[in-house]
Amino acid sequence: MPAESAMNKRWNILQPNEDAVAELHNKLKINKLLCKILVQRGIRTFDEAKDFFRPGTRQLHSPWLMKDMEKAVERVLQAFREQEKILVFGDYDVDGTTSVAVMYRFLRTQYEKVDFYIPHRYREGYGISKAGIDFAKENGFSLIIALDCGIKSVELVQYARTLNIDFVICDHHLPDAVLPDAAAILNPKQPGCRYPYKELCGCGVGYKLITALCEKLGLPESFPEQYLDLVATAIAADIVPITGENRALAYFGLQRVNEEPNPGIKALAFLSGTKFPLHIHNLVFMIAPRVNAAGRMDDARKAVQLFVAPSYEEALMYAELLHSDNSERKEADSAITEEALEIILQNTAWSTRKSTVVYQPHWHKGVVGIVASRLIEHHYRPTVVLTESGDYAAGSARSVPGFNLYEAIHACREYLIGYGGHFAAAGLTLSKENVIPFREKFEAVVAASIPDELLIPEILIDAEISFRDITPALYRILRQMEPFGPENMSPVFVARNVKDTGFSRIVKEQHLRFVVRQDDVQFTGIGFNMAQKFPVIESGQPFDLVFKIDENEWQGKKSLQLRVEDVKAAD
């Protein structure tokens, strides 16, 4: 099975509006190439460019613009006045656990009677749970602050009401037509909410409640800033757009991460061998997998304990538990991926299929979503990975970009006991005897609706560049475009008619080390999992190279290098 890098890919070179580029170039007087990239990111004016390169507090909106903020603040202050017990409740992923840690830590600076609750992934499932509400009742909690979940929990919030437990919901998921009967709902996506920025993550919504409470309690304006490192971690891990207010929160949060990090972040950085200063991709690849592994392999409560630990020594203890969960998760996911690829290879008839559905009863249910993503890297198709869950088969599905997976699964509902999800990812449960009928129906639905080009991975390329334009000055400006993430990805370039110097080679059997030149300018580069592309390089013919610009440090010296994404023989 070819690795993703060896697959043919569609190169999509973005074409910005030339008039808008010329106008911005006229205003900014900077490299036209950079103006192209900025226009593609929706930046058209001097002020927008200033906000982009120098995020400031002016991009943070007043929390009072959020619908129900007055109600939410009043309900929390009422709990303080009446000495009620408050339970902070959140989901088991990074956004949920950081949200809970931030809210719990803040409330504890003002009030004693606070605890937190994270539902168990397998015993309770996603979101607000009956077990969580029963725990609140048994332990005398009368207010639950739900973070990163709750917007769809109409019946459970109603059940809590019958037990005299109120909810304040801080969520960012799309609401249904009927909203829960909570004391307050904070969600910029709910109808009638005039909050100007709609893309906050759950931790971001919780942070806005904290800023409003700080204002009401007369705390210093800078008081909530101590939590921004965890807010940035949630933004990075939850794959929300890095635009507007998210960009400002991530920017300030990264400053906090590098100047005065939460002991939990520091401990995870130490265990994963990551050096400071940290960038947003470090939060995505270092912290997110370890926090998510806690919920996948065991219990995510320890992720919150990590982030609320008062000392580095205590944080390190929890970080070691997460680190070990992650090692176990890695072993499970690579073993299962290998087994699943073997199944795909053995079923030669599947090579013509437009979808993949694999099932083995012994696979670990905590990693089936990751395995589905891994399979797509090798076998680029909408993919469902199923395992045994009690008397049923259950699992996760992942899509290829551009294909609505949820709709395809919805069309197979006659075979399903339950399902949920969105455009790109979903979860499902079915009877074991329905696995094969579901596989056939899912294939029929996908085959009938997916355009052929969506079965070929696409690389979005920001601009064509020549090697002589790749300078330390350009790289410094590109670095100022950080933090990168959805809707502000690290720029991707294409260089045409590049030649090998004769020194490019395969390293560690699967990667390519490039030593290439264009005209009289030479660069080195690395292409991970691209060994199969070596014939294009060593042919001696010119080729086109797609890459990001990176910095390499060797023996204290820094130099620019190319992080190669793809290569094709020149036309």
# chains A, B, ... in the order shown; residues from 1 in each chain; ligands from 1
>>> select_by_dssp(residues="region 298-526 of chain A", states="strand (DSSP E or B)", output="PyMOL selection string")
chain A and resi 356-359+383-389+392-398+418-421+425-431+458-461+463-464+485+488+493-500+505-507+511-518+521-526
>>> select_by_dssp(residues="region 293-524 of chain A", states="alpha helix (DSSP H)", output="PDB file with N, CA and C atoms, in the first residue's frame")
ATOM      1  N   ALA A 293      -5.036  10.893  24.784  1.00  0.00           N
ATOM      2  CA  ALA A 293      -4.752   9.485  25.095  1.00  0.00           C
ATOM      3  C   ALA A 293      -5.313   9.102  26.464  1.00  0.00           C
ATOM      4  N   ALA A 294      -5.337  10.063  27.402  1.00  0.00           N
ATOM      5  CA  ALA A 294      -5.864   9.761  28.744  1.00  0.00           C
ATOM      6  C   ALA A 294      -7.312   9.284  28.634  1.00  0.00           C
ATOM      7  N   GLY A 295      -8.119  10.004  27.829  1.00  0.00           N
ATOM      8  CA  GLY A 295      -9.521   9.603  27.662  1.00  0.00           C
ATOM      9  C   GLY A 295      -9.681   8.362  26.806  1.00  0.00           C
ATOM     10  N   ARG A 296      -8.783   8.181  25.836  1.00  0.00           N
ATOM     11  CA  ARG A 296      -8.897   7.014  24.938  1.00  0.00           C
ATOM     12  C   ARG A 296      -8.551   5.702  25.642  1.00  0.00           C
ATOM     13  N   MET A 297      -7.478   5.748  26.457  1.00  0.00           N
ATOM     14  CA  MET A 297      -6.951   4.511  27.037  1.00  0.00           C
ATOM     15  C   MET A 297      -7.467   4.271  28.462  1.00  0.00           C
ATOM     16  N   ARG A 301      -9.809  12.320  33.622  1.00  0.00           N
ATOM     17  CA  ARG A 301      -9.773  13.175  34.823  1.00  0.00           C
ATOM     18  C   ARG A 301      -8.346  13.608  35.147  1.00  0.00           C
ATOM     19  N   LYS A 302      -7.383  12.701  34.881  1.00  0.00           N
ATOM     20  CA  LYS A 302      -5.998  13.043  35.239  1.00  0.00           C
ATOM     21  C   LYS A 302      -5.430  14.155  34.358  1.00  0.00           C
ATOM     22  N   ALA A 303      -6.045  14.395  33.187  1.00  0.00           N
ATOM     23  CA  ALA A 303      -5.604  15.527  32.356  1.00  0.00           C
ATOM     24  C   ALA A 303      -5.932  16.841  33.062  1.00  0.00           C
ATOM     25  N   VAL A 304      -7.104  16.896  33.699  1.00  0.00           N
ATOM     26  CA  VAL A 304      -7.453  18.105  34.456  1.00  0.00           C
ATOM     27  C   VAL A 304      -6.528  18.222  35.666  1.00  0.00           C
ATOM     28  N   GLN A 305      -6.284  17.091  36.353  1.00  0.00           N
ATOM     29  CA  GLN A 305      -5.383  17.132  37.523  1.00  0.00           C
ATOM     30  C   GLN A 305      -3.998  17.655  37.126  1.00  0.00           C
ATOM     31  N   LEU A 306      -3.562  17.296  35.908  1.00  0.00           N
ATOM     32  CA  LEU A 306      -2.279  17.804  35.395  1.00  0.00           C
ATOM     33  C   LEU A 306      -2.312  19.331  35.303  1.00  0.00           C
ATOM     34  N   PHE A 307      -3.397  19.879  34.743  1.00  0.00           N
ATOM     35  CA  PHE A 307      -3.453  21.329  34.484  1.00  0.00           C
ATOM     36  C   PHE A 307      -3.821  22.160  35.722  1.00  0.00           C
ATOM     37  N   VAL A 308      -4.327  21.496  36.766  1.00  0.00           N
ATOM     38  CA  VAL A 308      -4.635  22.278  37.983  1.00  0.00           C
ATOM     39  C   VAL A 308      -3.572  22.047  39.067  1.00  0.00           C
ATOM     40  N   TYR A 312       5.256  22.009  39.824  1.00  0.00           N
ATOM     41  CA  TYR A 312       5.830  21.262  38.695  1.00  0.00           C
ATOM     42  C   TYR A 312       5.970  19.783  39.058  1.00  0.00           C
ATOM     43  N   GLU A 313       6.384  19.498  40.319  1.00  0.00           N
ATOM     44  CA  GLU A 313       6.603  18.106  40.747  1.00  0.00           C
ATOM     45  C   GLU A 313       5.305  17.304  40.664  1.00  0.00           C
ATOM     46  N   GLU A 314       4.208  17.919  41.119  1.00  0.00           N
ATOM     47  CA  GLU A 314       2.908  17.211  41.066  1.00  0.00           C
ATOM     48  C   GLU A 314       2.442  17.070  39.614  1.00  0.00           C
ATOM     49  N   ALA A 315       2.651  18.120  38.828  1.00  0.00           N
ATOM     50  CA  ALA A 315       2.255  18.071  37.404  1.00  0.00           C
ATOM     51  C   ALA A 315       3.024  16.959  36.695  1.00  0.00           C
ATOM     52  N   LEU A 316       4.298  16.821  37.023  1.00  0.00           N
ATOM     53  CA  LEU A 316       5.128  15.802  36.376  1.00  0.00           C
ATOM     54  C   LEU A 316       4.598  14.394  36.651  1.00  0.00           C
ATOM     55  N   MET A 317       4.073  14.214  37.840  1.00  0.00           N
ATOM     56  CA  MET A 317       3.507  12.904  38.202  1.00  0.00           C
ATOM     57  C   MET A 317       2.323  12.560  37.276  1.00  0.00           C
ATOM     58  N   TYR A 318       1.428  13.539  37.074  1.00  0.00           N
ATOM     59  CA  TYR A 318       0.279  13.304  36.174  1.00  0.00           C
ATOM     60  C   TYR A 318       0.733  13.228  34.712  1.00  0.00           C
ATOM     61  N   ALA A 319       1.733  14.053  34.361  1.00  0.00           N
ATOM     62  CA  ALA A 319       2.235  14.054  32.984  1.00  0.00           C
ATOM     63  C   ALA A 319       2.794  12.677  32.628  1.00  0.00           C
ATOM     64  N   GLU A 320       3.441  12.026  33.603  1.00  0.00           N
ATOM     65  CA  GLU A 320       3.989  10.682  33.339  1.00  0.00           C
ATOM     66  C   GLU A 320       2.880   9.683  33.053  1.00  0.00           C
ATOM     67  N   LEU A 321       1.752   9.822  33.739  1.00  0.00           N
ATOM     68  CA  LEU A 321       0.605   8.933  33.489  1.00  0.00           C
ATOM     69  C   LEU A 321       0.062   9.153  32.075  1.00  0.00           C
ATOM     70  N   LEU A 322      -0.053  10.429  31.673  1.00  0.00           N
ATOM     71  CA  LEU A 322      -0.540  10.744  30.325  1.00  0.00           C
ATOM     72  C   LEU A 322       0.443  10.249  29.264  1.00  0.00           C
ATOM     73  N   HIS A 323       1.732  10.440  29.555  1.00  0.00           N
ATOM     74  CA  HIS A 323       2.780  10.039  28.626  1.00  0.00           C
ATOM     75  C   HIS A 323       2.720   8.524  28.395  1.00  0.00           C
ATOM     76  N   SER A 324       2.476   7.797  29.489  1.00  0.00           N
ATOM     77  CA  SER A 324       2.410   6.337  29.388  1.00  0.00           C
ATOM     78  C   SER A 324       1.134   5.910  28.640  1.00  0.00           C
ATOM     79  N   ASP A 325       0.000   6.586  28.890  1.00  0.00           N
ATOM     80  CA  ASP A 325      -1.231   6.317  28.113  1.00  0.00           C
ATOM     81  C   ASP A 325      -0.963   6.532  26.625  1.00  0.00           C
ATOM     82  N   ASN A 326      -0.193   7.598  26.319  1.00  0.00           N
ATOM     83  CA  ASN A 326       0.067   7.915  24.917  1.00  0.00           C
ATOM     84  C   ASN A 326       0.955   6.864  24.256  1.00  0.00           C
ATOM     85  N   SER A 327       1.938   6.334  25.009  1.00  0.00           N
ATOM     86  CA  SER A 327       2.793   5.271  24.454  1.00  0.00           C
ATOM     87  C   SER A 327       1.948   4.035  24.151  1.00  0.00           C
ATOM     88  N   GLU A 328       1.038   3.726  25.071  1.00  0.00           N
ATOM     89  CA  GLU A 328       0.133   2.580  24.882  1.00  0.00           C
ATOM     90  C   GLU A 328      -0.769   2.826  23.661  1.00  0.00           C
ATOM     91  N   ARG A 329      -1.253   4.068  23.547  1.00  0.00           N
ATOM     92  CA  ARG A 329      -2.117   4.433  22.414  1.00  0.00           C
ATOM     93  C   ARG A 329      -1.367   4.278  21.096  1.00  0.00           C
ATOM     94  N   LYS A 330      -0.093   4.729  21.078  1.00  0.00           N
ATOM     95  CA  LYS A 330       0.712   4.629  19.850  1.00  0.00           C
ATOM     96  C   LYS A 330       0.894   3.179  19.427  1.00  0.00           C
ATOM     97  N   GLU A 331       1.208   2.326  20.405  1.00  0.00           N
ATOM     98  CA  GLU A 331       1.385   0.891  20.100  1.00  0.00           C
ATOM     99  C   GLU A 331       0.108   0.313  19.520  1.00  0.00           C
ATOM    100  N   ALA A 332      -1.021   0.622  20.188  1.00  0.00           N
ATOM    101  CA  ALA A 332      -2.307   0.086  19.729  1.00  0.00           C
ATOM    102  C   ALA A 332      -2.619   0.597  18.337  1.00  0.00           C
ATOM    103  N   ASP A 333      -2.421   1.899  18.101  1.00  0.00           N
ATOM    104  CA  ASP A 333      -2.859   2.406  16.798  1.00  0.00           C
ATOM    105  C   ASP A 333      -1.952   1.932  15.667  1.00  0.00           C
ATOM    106  N   SER A 334      -0.638   1.749  15.926  1.00  0.00           N
ATOM    107  CA  SER A 334       0.202   1.282  14.804  1.00  0.00           C
ATOM    108  C   SER A 334      -0.057  -0.203  14.523  1.00  0.00           C
ATOM    109  N   ALA A 335      -0.304  -0.998  15.576  1.00  0.00           N
ATOM    110  CA  ALA A 335      -0.589  -2.426  15.362  1.00  0.00           C
ATOM    111  C   ALA A 335      -1.906  -2.607  14.602  1.00  0.00           C
ATOM    112  N   ILE A 336      -2.912  -1.834  14.990  1.00  0.00           N
ATOM    113  CA  ILE A 336      -4.233  -1.971  14.345  1.00  0.00           C
ATOM    114  C   ILE A 336      -4.178  -1.445  12.906  1.00  0.00           C
ATOM    115  N   THR A 337      -3.458  -0.341  12.705  1.00  0.00           N
ATOM    116  CA  THR A 337      -3.337   0.203  11.338  1.00  0.00           C
ATOM    117  C   THR A 337      -2.695  -0.832  10.420  1.00  0.00           C
ATOM    118  N   GLU A 338      -1.650  -1.469  10.906  1.00  0.00           N
ATOM    119  CA  GLU A 338      -0.951  -2.488  10.115  1.00  0.00           C
ATOM    120  C   GLU A 338      -1.898  -3.639   9.750  1.00  0.00           C
ATOM    121  N   GLU A 339      -2.655  -4.079  10.759  1.00  0.00           N
ATOM    122  CA  GLU A 339      -3.599  -5.184  10.554  1.00  0.00           C
ATOM    123  C   GLU A 339      -4.689  -4.787   9.547  1.00  0.00           C
ATOM    124  N   ALA A 340      -5.192  -3.559   9.693  1.00  0.00           N
ATOM    125  CA  ALA A 340      -6.257  -3.082   8.797  1.00  0.00           C
ATOM    126  C   ALA A 340      -5.747  -2.950   7.364  1.00  0.00           C
ATOM    127  N   LEU A 341      -4.506  -2.459   7.196  1.00  0.00           N
ATOM    128  CA  LEU A 341      -3.934  -2.345   5.844  1.00  0.00           C
ATOM    129  C   LEU A 341      -3.774  -3.715   5.204  1.00  0.00           C
ATOM    130  N   GLU A 342      -3.426  -4.695   6.024  1.00  0.00           N
ATOM    131  CA  GLU A 342      -3.290  -6.077   5.540  1.00  0.00           C
ATOM    132  C   GLU A 342      -4.642  -6.594   5.025  1.00  0.00           C
ATOM    133  N   ILE A 343      -5.712  -6.296   5.776  1.00  0.00           N
ATOM    134  CA  ILE A 343      -7.067  -6.717   5.364  1.00  0.00           C
ATOM    135  C   ILE A 343      -7.417  -6.080   4.016  1.00  0.00           C
ATOM    136  N   ILE A 344      -7.091  -4.788   3.874  1.00  0.00           N
ATOM    137  CA  ILE A 344      -7.401  -4.073   2.622  1.00  0.00           C
ATOM    138  C   ILE A 344      -6.620  -4.693   1.458  1.00  0.00           C
ATOM    139  N   LEU A 345      -5.337  -4.994   1.697  1.00  0.00           N
ATOM    140  CA  LEU A 345      -4.495  -5.585   0.642  1.00  0.00           C
ATOM    141  C   LEU A 345      -4.985  -6.965   0.221  1.00  0.00           C
ATOM    142  N   GLN A 346      -5.445  -7.743   1.190  1.00  0.00           N
ATOM    143  CA  GLN A 346      -5.896  -9.113   0.890  1.00  0.00           C
ATOM    144  C   GLN A 346      -7.189  -9.125   0.076  1.00  0.00           C
ATOM    145  N   VAL A 368      -9.857   3.704  17.302  1.00  0.00           N
ATOM    146  CA  VAL A 368     -10.388   3.456  15.949  1.00  0.00           C
ATOM    147  C   VAL A 368     -10.494   4.735  15.104  1.00  0.00           C
ATOM    148  N   GLY A 369     -10.729   5.873  15.746  1.00  0.00           N
ATOM    149  CA  GLY A 369     -10.780   7.133  14.988  1.00  0.00           C
ATOM    150  C   GLY A 369      -9.423   7.498  14.413  1.00  0.00           C
ATOM    151  N   ILE A 370      -8.375   7.312  15.228  1.00  0.00           N
ATOM    152  CA  ILE A 370      -7.012   7.593  14.752  1.00  0.00           C
ATOM    153  C   ILE A 370      -6.662   6.638  13.617  1.00  0.00           C
ATOM    154  N   VAL A 371      -7.039   5.352  13.780  1.00  0.00           N
ATOM    155  CA  VAL A 371      -6.737   4.349  12.745  1.00  0.00           C
ATOM    156  C   VAL A 371      -7.434   4.729  11.438  1.00  0.00           C
ATOM    157  N   ALA A 372      -8.674   5.207  11.522  1.00  0.00           N
ATOM    158  CA  ALA A 372      -9.399   5.623  10.301  1.00  0.00           C
ATOM    159  C   ALA A 372      -8.612   6.729   9.589  1.00  0.00           C
ATOM    160  N   SER A 373      -8.087   7.696  10.347  1.00  0.00           N
ATOM    161  CA  SER A 373      -7.283   8.774   9.738  1.00  0.00           C
ATOM    162  C   SER A 373      -5.998   8.221   9.122  1.00  0.00           C
ATOM    163  N   ARG A 374      -5.358   7.287   9.814  1.00  0.00           N
ATOM    164  CA  ARG A 374      -4.122   6.681   9.296  1.00  0.00           C
ATOM    165  C   ARG A 374      -4.381   5.924   7.988  1.00  0.00           C
ATOM    166  N   LEU A 375      -5.499   5.200   7.943  1.00  0.00           N
ATOM    167  CA  LEU A 375      -5.813   4.427   6.731  1.00  0.00           C
ATOM    168  C   LEU A 375      -5.999   5.361   5.539  1.00  0.00           C
ATOM    169  N   ILE A 376      -6.585   6.536   5.792  1.00  0.00           N
ATOM    170  CA  ILE A 376      -6.787   7.503   4.697  1.00  0.00           C
ATOM    171  C   ILE A 376      -5.436   7.990   4.175  1.00  0.00           C
ATOM    172  N   GLU A 377      -4.425   8.082   5.050  1.00  0.00           N
ATOM    173  CA  GLU A 377      -3.087   8.482   4.589  1.00  0.00           C
ATOM    174  C   GLU A 377      -2.539   7.483   3.562  1.00  0.00           C
ATOM    175  N   HIS A 378      -2.934   6.222   3.698  1.00  0.00           N
ATOM    176  CA  HIS A 378      -2.431   5.176   2.797  1.00  0.00           C
ATOM    177  C   HIS A 378      -3.403   4.864   1.663  1.00  0.00           C
ATOM    178  N   LEU A 405     -19.346  13.216   5.028  1.00  0.00           N
ATOM    179  CA  LEU A 405     -19.406  11.875   5.601  1.00  0.00           C
ATOM    180  C   LEU A 405     -20.704  11.647   6.374  1.00  0.00           C
ATOM    181  N   TYR A 406     -21.113  12.667   7.127  1.00  0.00           N
ATOM    182  CA  TYR A 406     -22.312  12.518   7.964  1.00  0.00           C
ATOM    183  C   TYR A 406     -23.527  12.177   7.104  1.00  0.00           C
ATOM    184  N   GLU A 407     -23.650  12.872   5.963  1.00  0.00           N
ATOM    185  CA  GLU A 407     -24.788  12.599   5.058  1.00  0.00           C
ATOM    186  C   GLU A 407     -24.752  11.156   4.555  1.00  0.00           C
ATOM    187  N   ALA A 408     -23.540  10.668   4.228  1.00  0.00           N
ATOM    188  CA  ALA A 408     -23.398   9.300   3.705  1.00  0.00           C
ATOM    189  C   ALA A 408     -23.795   8.277   4.765  1.00  0.00           C
ATOM    190  N   ILE A 409     -23.417   8.534   6.014  1.00  0.00           N
ATOM    191  CA  ILE A 409     -23.767   7.599   7.100  1.00  0.00           C
ATOM    192  C   ILE A 409     -25.266   7.676   7.396  1.00  0.00           C
ATOM    193  N   HIS A 410     -25.787   8.892   7.362  1.00  0.00           N
ATOM    194  CA  HIS A 410     -27.235   9.087   7.565  1.00  0.00           C
ATOM    195  C   HIS A 410     -28.035   8.279   6.531  1.00  0.00           C
ATOM    196  N   VAL A 435     -22.865  -5.519   9.876  1.00  0.00           N
ATOM    197  CA  VAL A 435     -21.598  -4.922   9.413  1.00  0.00           C
ATOM    198  C   VAL A 435     -21.466  -5.051   7.896  1.00  0.00           C
ATOM    199  N   ILE A 436     -21.709  -6.265   7.361  1.00  0.00           N
ATOM    200  CA  ILE A 436     -21.534  -6.463   5.904  1.00  0.00           C
ATOM    201  C   ILE A 436     -22.610  -5.702   5.118  1.00  0.00           C
ATOM    202  N   PRO A 437     -23.910  -5.803   5.481  1.00  0.00           N
ATOM    203  CA  PRO A 437     -24.900  -4.981   4.753  1.00  0.00           C
ATOM    204  C   PRO A 437     -24.582  -3.481   4.806  1.00  0.00           C
ATOM    205  N   PHE A 438     -24.104  -3.003   5.985  1.00  0.00           N
ATOM    206  CA  PHE A 438     -23.743  -1.586   6.097  1.00  0.00           C
ATOM    207  C   PHE A 438     -22.582  -1.261   5.155  1.00  0.00           C
ATOM    208  N   ARG A 439     -21.574  -2.154   5.122  1.00  0.00           N
ATOM    209  CA  ARG A 439     -20.403  -1.921   4.256  1.00  0.00           C
ATOM    210  C   ARG A 439     -20.841  -1.756   2.801  1.00  0.00           C
ATOM    211  N   GLU A 440     -21.750  -2.633   2.360  1.00  0.00           N
ATOM    212  CA  GLU A 440     -22.201  -2.590   0.953  1.00  0.00           C
ATOM    213  C   GLU A 440     -23.020  -1.332   0.672  1.00  0.00           C
ATOM    214  N   LYS A 441     -23.884  -0.976   1.599  1.00  0.00           N
ATOM    215  CA  LYS A 441     -24.730   0.210   1.401  1.00  0.00           C
ATOM    216  C   LYS A 441     -23.867   1.483   1.420  1.00  0.00           C
ATOM    217  N   PHE A 442     -22.926   1.538   2.365  1.00  0.00           N
ATOM    218  CA  PHE A 442     -22.047   2.710   2.474  1.00  0.00           C
ATOM    219  C   PHE A 442     -21.248   2.881   1.176  1.00  0.00           C
ATOM    220  N   GLU A 443     -20.745   1.769   0.650  1.00  0.00           N
ATOM    221  CA  GLU A 443     -19.998   1.821  -0.618  1.00  0.00           C
ATOM    222  C   GLU A 443     -20.887   2.344  -1.739  1.00  0.00           C
ATOM    223  N   ALA A 444     -22.141   1.841  -1.806  1.00  0.00           N
ATOM    224  CA  ALA A 444     -23.067   2.280  -2.871  1.00  0.00           C
ATOM    225  C   ALA A 444     -23.343   3.780  -2.758  1.00  0.00           C
ATOM    226  N   VAL A 445     -23.547   4.254  -1.525  1.00  0.00           N
ATOM    227  CA  VAL A 445     -23.845   5.678  -1.304  1.00  0.00           C
ATOM    228  C   VAL A 445     -22.638   6.545  -1.691  1.00  0.00           C
ATOM    229  N   VAL A 446     -21.439   6.139  -1.227  1.00  0.00           N
ATOM    230  CA  VAL A 446     -20.233   6.925  -1.527  1.00  0.00           C
ATOM    231  C   VAL A 446     -19.961   6.906  -3.031  1.00  0.00           C
ATOM    232  N   ALA A 447     -20.020   5.724  -3.638  1.00  0.00           N
ATOM    233  CA  ALA A 447     -19.719   5.599  -5.077  1.00  0.00           C
ATOM    234  C   ALA A 447     -20.656   6.457  -5.916  1.00  0.00           C
ATOM    235  N   ALA A 448     -21.903   6.571  -5.470  1.00  0.00           N
ATOM    236  CA  ALA A 448     -22.889   7.341  -6.249  1.00  0.00           C
ATOM    237  C   ALA A 448     -22.725   8.844  -6.074  1.00  0.00           C
ATOM    238  N   SER A 449     -22.023   9.252  -5.000  1.00  0.00           N
ATOM    239  CA  SER A 449     -22.039  10.693  -4.712  1.00  0.00           C
ATOM    240  C   SER A 449     -20.666  11.372  -4.682  1.00  0.00           C
ATOM    241  N   PRO A 472      16.434  35.123   4.319  1.00  0.00           N
ATOM    242  CA  PRO A 472      16.143  35.240   5.762  1.00  0.00           C
ATOM    243  C   PRO A 472      15.101  36.326   6.047  1.00  0.00           C
ATOM    244  N   ALA A 473      15.126  37.413   5.267  1.00  0.00           N
ATOM    245  CA  ALA A 473      14.146  38.508   5.494  1.00  0.00           C
ATOM    246  C   ALA A 473      12.728  38.009   5.217  1.00  0.00           C
ATOM    247  N   LEU A 474      12.552  37.253   4.117  1.00  0.00           N
ATOM    248  CA  LEU A 474      11.227  36.699   3.799  1.00  0.00           C
ATOM    249  C   LEU A 474      10.800  35.745   4.921  1.00  0.00           C
ATOM    250  N   TYR A 475      11.720  34.898   5.356  1.00  0.00           N
ATOM    251  CA  TYR A 475      11.386  33.915   6.397  1.00  0.00           C
ATOM    252  C   TYR A 475      10.955  34.622   7.687  1.00  0.00           C
ATOM    253  N   ARG A 476      11.625  35.726   8.031  1.00  0.00           N
ATOM    254  CA  ARG A 476      11.262  36.460   9.251  1.00  0.00           C
ATOM    255  C   ARG A 476       9.828  36.967   9.174  1.00  0.00           C
ATOM    256  N   ILE A 477       9.431  37.452   7.979  1.00  0.00           N
ATOM    257  CA  ILE A 477       8.046  37.943   7.834  1.00  0.00           C
ATOM    258  C   ILE A 477       7.062  36.768   7.895  1.00  0.00           C
ATOM    259  N   LEU A 478       7.412  35.646   7.259  1.00  0.00           N
ATOM    260  CA  LEU A 478       6.533  34.467   7.321  1.00  0.00           C
ATOM    261  C   LEU A 478       6.325  34.040   8.773  1.00  0.00           C
ATOM    262  N   ARG A 479       7.382  34.124   9.570  1.00  0.00           N
ATOM    263  CA  ARG A 479       7.271  33.744  10.989  1.00  0.00           C
ATOM    264  C   ARG A 479       6.305  34.668  11.740  1.00  0.00           C
TER     265      ARG A 479
END
>>> closest_residue(among="A:Val516, A:Met66, A:Ala20, A:Ile265", to="Lys32 (chain A)", atoms="only C-alpha atoms")
A:Ala20
>>> closest_residue(among="A:Met7, A:Leu14, A:Leu65, A:Cys170", to="Gln40 (chain A)", atoms="only C-alpha atoms")
A:Leu14
>>> residues_around(residues="Pro241 (chain A)", least_positions_apart="5", cutoff="10 Å", atoms="only C-alpha atoms", output="PDB file with C-alpha atoms, in the first residue's frame")
ATOM      1  CA  GLU A 199     -15.562  30.514  16.009  1.00  0.00           C
ATOM      2  CA  LEU A 200     -14.448  30.349  19.658  1.00  0.00           C
ATOM      3  CA  CYS A 201     -13.669  26.879  21.035  1.00  0.00           C
ATOM      4  CA  ILE A 235      -7.564  26.521  20.230  1.00  0.00           C
ATOM      5  CA  ALA A 236      -4.606  24.588  18.768  1.00  0.00           C
ATOM      6  CA  ASN A 246      -8.956  33.113  18.185  1.00  0.00           C
ATOM      7  CA  ARG A 247      -5.767  34.393  16.580  1.00  0.00           C
ATOM      8  CA  PHE A 484      -0.645  29.018  12.057  1.00  0.00           C
ATOM      9  CA  GLY A 485      -3.733  26.840  11.888  1.00  0.00           C
ATOM     10  CA  PRO A 486      -7.007  26.440   9.966  1.00  0.00           C
ATOM     11  CA  GLU A 487      -7.659  29.444   7.648  1.00  0.00           C
ATOM     12  CA  ASN A 488      -4.103  30.631   8.336  1.00  0.00           C
ATOM     13  CA  MET A 489      -1.940  27.647   7.418  1.00  0.00           C
TER      14      MET A 489
END
>>> closest_atom_pairs(of="region 437-509 of chain A", to="region 49-63 of chain A", cutoff="9 Å", atoms="only C-alpha atoms", output="tab-separated table")
residue	atom	partner	partner_atom	distance
A:Ile477	CA	A:Phe53	CA	8.9
A:Gln480	CA	A:Phe53	CA	6.1
A:Met481	CA	A:Phe53	CA	6.2
A:Glu482	CA	A:Phe53	CA	8.4
>>> residues_around(residues="Arg123 (chain A)", least_positions_apart="5", cutoff="12 Å", atoms="only C-alpha atoms", output="JSON list (two decimals) with C-alpha atoms, in the first residue's frame")
[["chain", "number", "residue", "atom", "x", "y", "z"],
["A", 118, "ILE", "CA", -15.08, 14.55, 33.49],
["A", 129, "SER", "CA", -24.23, 12.35, 31.30],
["A", 130, "LYS", "CA", -26.95, 11.10, 33.62],
["A", 131, "ALA", "CA", -24.18, 9.62, 35.80],
["A", 132, "GLY", "CA", -22.64, 13.11, 36.10],
["A", 295, "GLY", "CA", -9.52, 9.60, 27.66],
["A", 296, "ARG", "CA", -8.90, 7.01, 24.94],
["A", 298, "ASP", "CA", -8.21, 5.21, 30.55],
["A", 299, "ASP", "CA", -9.74, 8.21, 32.33],
["A", 389, "SER", "CA", -18.43, -2.93, 21.90],
["A", 390, "GLY", "CA", -20.38, -5.25, 24.20]]
>>> atom_distance(atom1="CA of Phe514 (chain A)", atom2="CA of Val564 (chain A)")
8.5 Å
>>> atom_distance(atom1="CA of Arg108 (chain A)", atom2="CA of Phe89 (chain A)")
14.7 Å
>>> residues_around(residues="region 507-510 of chain A", least_positions_apart="3", cutoff="8 Å", atoms="only C-alpha atoms", output="list in words")
Arg513, Phe528, Asn529, Met530, Ala531 and Gln532 of chain A
>>> closest_residue(among="A:Ile13, A:Glu259, A:Val521, A:Leu454", to="Val494 (chain A)", atoms="only C-alpha atoms")
A:Ile13
>>> atom_distance(atom1="CA of Lys216 (chain A)", atom2="CA of Cys203 (chain A)")
20.0 Å
